[in-house]
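Below: the structure, in structure tokens.
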Amino acid sequence: MRFLLDAEQAEFGRTLDRMLGAADTPSAVRAWAAGEPGPGRELWSRIAEAGVFALAVPGSHDGMGLLPVELALAYVELGRHAVPGPVVETAAAAVLLAGLPEEGGAAKEWLPRIADGRAVVSLGAEPDALVLDADVADAVFVAAGSEVRCATVRGASVASADPARRLFRIEAGEVVAEDAASAVARATDLAALLTAAQSLGVGLELLRRTVEYVGQREQFGVPIGSFQAVKHRLADALLGLEFARPLVFGAALALAGRDTVASGAGKDVAAAKVAAGEAAYRAARAALQLHGAVGYTEELDLSLWLRKARPLRDAWGTPARCRARVLAQGR
């Protein structure tokens, strides 16, 4: 069986990389963190034009169908460029809405708008959960058990380790669907997978920037990257990320199956989430240590990635919860 990306998928990733590289995402991230969503919404529109959100929307609602492998590939690039906003939650909400009964009309109302980038949607897994960027979202949904409700913001934002991850408490409102356990499970699995992909991208970018820095910074007349201890630290970070990569794409393949419970996709997603989250966090710690005091400064763009690693590691499934799921489903 072939597990490598095909030529079309690889080119899609390169195209996203080039587009985001030319978009000055650090400025959009800083504006988003300051409560100015304008540049982030412009970036959101460009990502939608590239077809990213359409990958989570069925063809019957102007999308391309659910394509988890292509979504994972795209979200690695979103992580590498530190794209702000509820990008994971919007894709997961699309899968959730697509799995609901058509009578409610929520899918017809929101899915075409998600596909073409007109709608930013956020999603919470529990009524008392903190929801990402709920204040700028055009719609907020909360999924608990088998019930899905609309939600509204309740109170001011809650402090986060990453200023660009603006968290809010929500108030559950109108019921959208009551018998939606399967759709909720599929949506939360996709959210965990895409968060893992984002983490992988964050870790890869942290490693790239650190390798570049240690090749320039000198001590005793030579680059610090020539020191054996530095090489070992970077090699450990690289190994973690490269071991996480096939788990992420393997979980995406598993999630592409129709019956995620029967296929064991939930276990695969949980394993990918642990591996990618821990690898990115390890890369962040190495980056901070090897940059020295300059790594702590907010003026350095590195901080935009450093501050994402820990929150992404815990979002949509902490390491402890994911390990427990792997053990429970592996018996």
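Chain labels run A, B, ... following the order of the structure tokens; each chain numbers its residues from 1, and ligands are numbered from 1 in the order shown.
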Subject >> Within 7 Å of range 108-122 of chain A using only C-alpha atoms, minus same-chain residues under 2 positions, as a PyMOL selection string >> reply: chain A and resi 44-45+48-49+53-54+57+61-63+86+89-90+93-94+105-106+131-134+137-141
Original post:
Got a sec: who's within 12 Å of Asp236 in chain A, counting only C-alpha atoms, leaving out chain neighbours fewer than 5 positions off, as a count of residues only?
Top reply: 17
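Among A:Gly13, A:Gly21, A:Pro84, A:Gly277, the residue with the shortest atom-to-atom distance to Arg41 in chain A, counting only C-alpha atoms, is A:Pro84.
Residues within 7 Å of range 246-256 of chain A, counting only C-alpha atoms and excluding same-chain residues fewer than 4 positions away, are A:Leu67, A:Pro68, A:Val69, A:Ala72, A:Leu193, A:Ala196, A:Ala197, A:Thr260, A:Ser263, A:Ala265, A:Asp268, A:Val269, A:Ala272.
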Export of the given selection (N, CA, C and O atoms) as a PDB file, in the first residue's frame:
ATOM      1  N   LEU A  67     -12.530  15.275   2.683  1.00  0.00           N
ATOM      2  CA  LEU A  67     -11.248  14.716   2.242  1.00  0.00           C
ATOM      3  C   LEU A  67     -10.223  14.904   3.362  1.00  0.00           C
ATOM      4  O   LEU A  67      -9.459  15.874   3.376  1.00  0.00           O
ATOM      5  N   PRO A  68     -10.187  13.985   4.330  1.00  0.00           N
ATOM      6  CA  PRO A  68      -9.332  14.171   5.509  1.00  0.00           C
ATOM      7  C   PRO A  68      -7.840  14.276   5.202  1.00  0.00           C
ATOM      8  O   PRO A  68      -7.122  15.014   5.877  1.00  0.00           O
ATOM      9  N   VAL A  69      -7.351  13.531   4.209  1.00  0.00           N
ATOM     10  CA  VAL A  69      -5.918  13.582   3.913  1.00  0.00           C
ATOM     11  C   VAL A  69      -5.541  14.968   3.393  1.00  0.00           C
ATOM     12  O   VAL A  69      -4.555  15.574   3.837  1.00  0.00           O
ATOM     13  N   ALA A  72      -5.677  17.421   6.261  1.00  0.00           N
ATOM     14  CA  ALA A  72      -4.504  17.324   7.126  1.00  0.00           C
ATOM     15  C   ALA A  72      -3.305  18.009   6.488  1.00  0.00           C
ATOM     16  O   ALA A  72      -2.561  18.746   7.154  1.00  0.00           O
ATOM     17  N   LEU A 193      -7.872  15.616  14.766  1.00  0.00           N
ATOM     18  CA  LEU A 193      -6.924  15.346  13.683  1.00  0.00           C
ATOM     19  C   LEU A 193      -6.319  16.643  13.149  1.00  0.00           C
ATOM     20  O   LEU A 193      -5.097  16.748  12.964  1.00  0.00           O
ATOM     21  N   ALA A 196      -3.909  18.172  15.462  1.00  0.00           N
ATOM     22  CA  ALA A 196      -2.636  17.450  15.376  1.00  0.00           C
ATOM     23  C   ALA A 196      -1.839  17.919  14.163  1.00  0.00           C
ATOM     24  O   ALA A 196      -0.614  18.115  14.249  1.00  0.00           O
ATOM     25  N   ALA A 197      -2.512  18.099  13.035  1.00  0.00           N
ATOM     26  CA  ALA A 197      -1.833  18.570  11.829  1.00  0.00           C
ATOM     27  C   ALA A 197      -1.276  19.977  12.034  1.00  0.00           C
ATOM     28  O   ALA A 197      -0.148  20.281  11.630  1.00  0.00           O
ATOM     29  N   THR A 260     -16.290   5.365  11.341  1.00  0.00           N
ATOM     30  CA  THR A 260     -15.058   5.628  12.081  1.00  0.00           C
ATOM     31  C   THR A 260     -14.928   4.751  13.315  1.00  0.00           C
ATOM     32  O   THR A 260     -13.831   4.453  13.748  1.00  0.00           O
ATOM     33  N   SER A 263     -13.824   1.262  12.058  1.00  0.00           N
ATOM     34  CA  SER A 263     -12.486   1.288  11.468  1.00  0.00           C
ATOM     35  C   SER A 263     -11.400   1.580  12.483  1.00  0.00           C
ATOM     36  O   SER A 263     -10.214   1.495  12.169  1.00  0.00           O
ATOM     37  N   ALA A 265     -10.782   4.506  13.729  1.00  0.00           N
ATOM     38  CA  ALA A 265     -10.202   5.812  13.431  1.00  0.00           C
ATOM     39  C   ALA A 265      -9.995   6.641  14.684  1.00  0.00           C
ATOM     40  O   ALA A 265      -9.041   7.411  14.769  1.00  0.00           O
ATOM     41  N   ASP A 268      -6.677   5.927  16.145  1.00  0.00           N
ATOM     42  CA  ASP A 268      -5.613   6.474  15.299  1.00  0.00           C
ATOM     43  C   ASP A 268      -5.501   7.983  15.459  1.00  0.00           C
ATOM     44  O   ASP A 268      -4.398   8.534  15.503  1.00  0.00           O
ATOM     45  N   VAL A 269      -6.640   8.645  15.530  1.00  0.00           N
ATOM     46  CA  VAL A 269      -6.640  10.100  15.712  1.00  0.00           C
ATOM     47  C   VAL A 269      -6.025  10.464  17.054  1.00  0.00           C
ATOM     48  O   VAL A 269      -5.213  11.396  17.159  1.00  0.00           O
ATOM     49  N   ALA A 272      -2.275  10.084  16.922  1.00  0.00           N
ATOM     50  CA  ALA A 272      -1.673  11.174  16.153  1.00  0.00           C
ATOM     51  C   ALA A 272      -1.661  12.466  16.949  1.00  0.00           C
ATOM     52  O   ALA A 272      -0.693  13.239  16.915  1.00  0.00           O
TER      53      ALA A 272
END
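When DSSP reads the backbone of this structure, the residues of range 167-312 of chain A it assigns to strand (DSSP E or B) are Leu167, Phe168, Arg169, Ile170, Glu171, Ala172, Gly173, Glu174, Val175, Val176, Ala177, Glu218, Gln219, Val222 and Pro223 of chain A.
Excluding range 167-170 of chain A itself and any same-chain residue fewer than 6 positions from it, the protein and nucleic acid residues within 10 Å of it, counting only C-alpha atoms, are Gly124, Glu126, Pro127, Asp128, Ala129, Leu130, Val131, Leu132, Asp133, Ala134, Asp135, Val140, Phe141, Val142, Cys150, Ala151, Thr152, Val153, Arg154, Gly155, Ala156, Ser157, Val158, Ala159 and Ser160 of chain A.
The closest residue to Gln289 in chain A, picked from A:Phe12, A:Trp316, A:Phe220, A:Tyr213 and counting only C-alpha atoms, is A:Tyr213.
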**OP:** For Arg323 in chain A, list every protein, DNA or RNA residue within 8 Å, evaluated using only C-alpha atoms, and leave out those in the same chain fewer than 6 positions away; present the list as a PyMOL selection string.
**Re:** chain A and resi 270-271+274
**OP:** Just the alpha helix (DSSP H) stuff from range 81-132 of chain A, please, per backbone DSSP, written as a list in words.
**Re:** Val87, Val88, Glu89, Thr90, Ala91, Ala92, Ala93, Ala94, Val95, Leu96, Leu97, Ala98, Ala106, Ala107, Lys108, Glu109, Trp110, Leu111, Pro112, Arg113, Ile114 and Ala115 of chain A
Restricting the output to N, CA and C atoms, write the selected residues as a tab-separated table (two decimals), in the first residue's frame.
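Written output follows (result11.tsv):
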chain	number	residue	atom	x	y	z
A	87	VAL	N	-9.85	28.00	12.58
A	87	VAL	CA	-9.80	27.24	11.34
A	87	VAL	C	-10.17	25.77	11.57
A	88	VAL	N	-9.72	25.22	12.67
A	88	VAL	CA	-10.08	23.83	13.00
A	88	VAL	C	-11.57	23.71	13.29
A	89	GLU	N	-12.06	24.64	14.10
A	89	GLU	CA	-13.47	24.59	14.52
A	89	GLU	C	-14.42	24.77	13.35
A	90	THR	N	-14.05	25.60	12.38
A	90	THR	CA	-14.91	25.80	11.21
A	90	THR	C	-15.03	24.52	10.39
A	91	ALA	N	-13.91	23.85	10.15
A	91	ALA	CA	-13.95	22.59	9.40
A	91	ALA	C	-14.73	21.52	10.16
A	92	ALA	N	-14.51	21.45	11.48
A	92	ALA	CA	-15.23	20.46	12.29
A	92	ALA	C	-16.73	20.76	12.31
A	93	ALA	N	-17.08	22.05	12.38
A	93	ALA	CA	-18.49	22.43	12.35
A	93	ALA	C	-19.13	22.04	11.02
A	94	ALA	N	-18.37	22.14	9.93
A	94	ALA	CA	-18.90	21.74	8.62
A	94	ALA	C	-19.24	20.26	8.61
A	95	VAL	N	-18.36	19.43	9.19
A	95	VAL	CA	-18.62	17.99	9.26
A	95	VAL	C	-19.81	17.71	10.17
A	96	LEU	N	-19.90	18.45	11.27
A	96	LEU	CA	-21.02	18.28	12.19
A	96	LEU	C	-22.34	18.61	11.50
A	97	LEU	N	-22.40	19.76	10.84
A	97	LEU	CA	-23.64	20.18	10.18
A	97	LEU	C	-24.01	19.25	9.04
A	98	ALA	N	-23.01	18.76	8.33
A	98	ALA	CA	-23.28	17.85	7.21
A	98	ALA	C	-23.88	16.54	7.69
A	106	ALA	N	-29.92	23.93	9.09
A	106	ALA	CA	-28.64	24.54	9.47
A	106	ALA	C	-27.58	24.26	8.42
A	107	ALA	N	-27.57	23.04	7.88
A	107	ALA	CA	-26.57	22.70	6.87
A	107	ALA	C	-26.75	23.55	5.62
A	108	LYS	N	-27.99	23.69	5.18
A	108	LYS	CA	-28.27	24.48	3.98
A	108	LYS	C	-27.88	25.94	4.19
A	109	GLU	N	-28.06	26.44	5.40
A	109	GLU	CA	-27.75	27.84	5.68
A	109	GLU	C	-26.25	28.11	5.77
A	110	TRP	N	-25.51	27.20	6.42
A	110	TRP	CA	-24.12	27.52	6.75
A	110	TRP	C	-23.08	26.84	5.88
A	111	LEU	N	-23.33	25.66	5.37
A	111	LEU	CA	-22.28	24.94	4.65
A	111	LEU	C	-21.77	25.67	3.40
A	112	PRO	N	-22.64	26.21	2.54
A	112	PRO	CA	-22.10	26.95	1.38
A	112	PRO	C	-21.27	28.16	1.80
A	113	ARG	N	-21.64	28.80	2.90
A	113	ARG	CA	-20.90	29.96	3.37
A	113	ARG	C	-19.56	29.57	3.99
A	114	ILE	N	-19.51	28.40	4.60
A	114	ILE	CA	-18.22	27.90	5.10
A	114	ILE	C	-17.31	27.57	3.92
A	115	ALA	N	-17.85	26.91	2.91
A	115	ALA	CA	-17.05	26.47	1.77
A	115	ALA	C	-16.37	27.62	1.06
**OP:** Tell me, in Å to one decimal, how far CA of Gly79 in chain A is from CA of Arg208 in chain A.
**Re:** 13.0 Å
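Restricting the calculation to only C-alpha atoms, the smallest distance between Ala244 in chain A and any of A:Ile47, A:Leu200, A:Val294, A:Val214 is found for A:Leu200.
As for CA of Met64 in chain A and CA of Leu123 in chain A, they are spaced 21.3 Å apart.
Among A:Ala324, A:Ala191, A:Leu312, A:Ala82, the residue with the shortest atom-to-atom distance to Ala276 in chain A, counting only C-alpha atoms, is A:Leu312.
Comparing A:Asp179, A:Asp162, A:Glu8, A:Glu218 by their smallest distance to Trp305 in chain A, the closest is A:Asp162 (using only C-alpha atoms).
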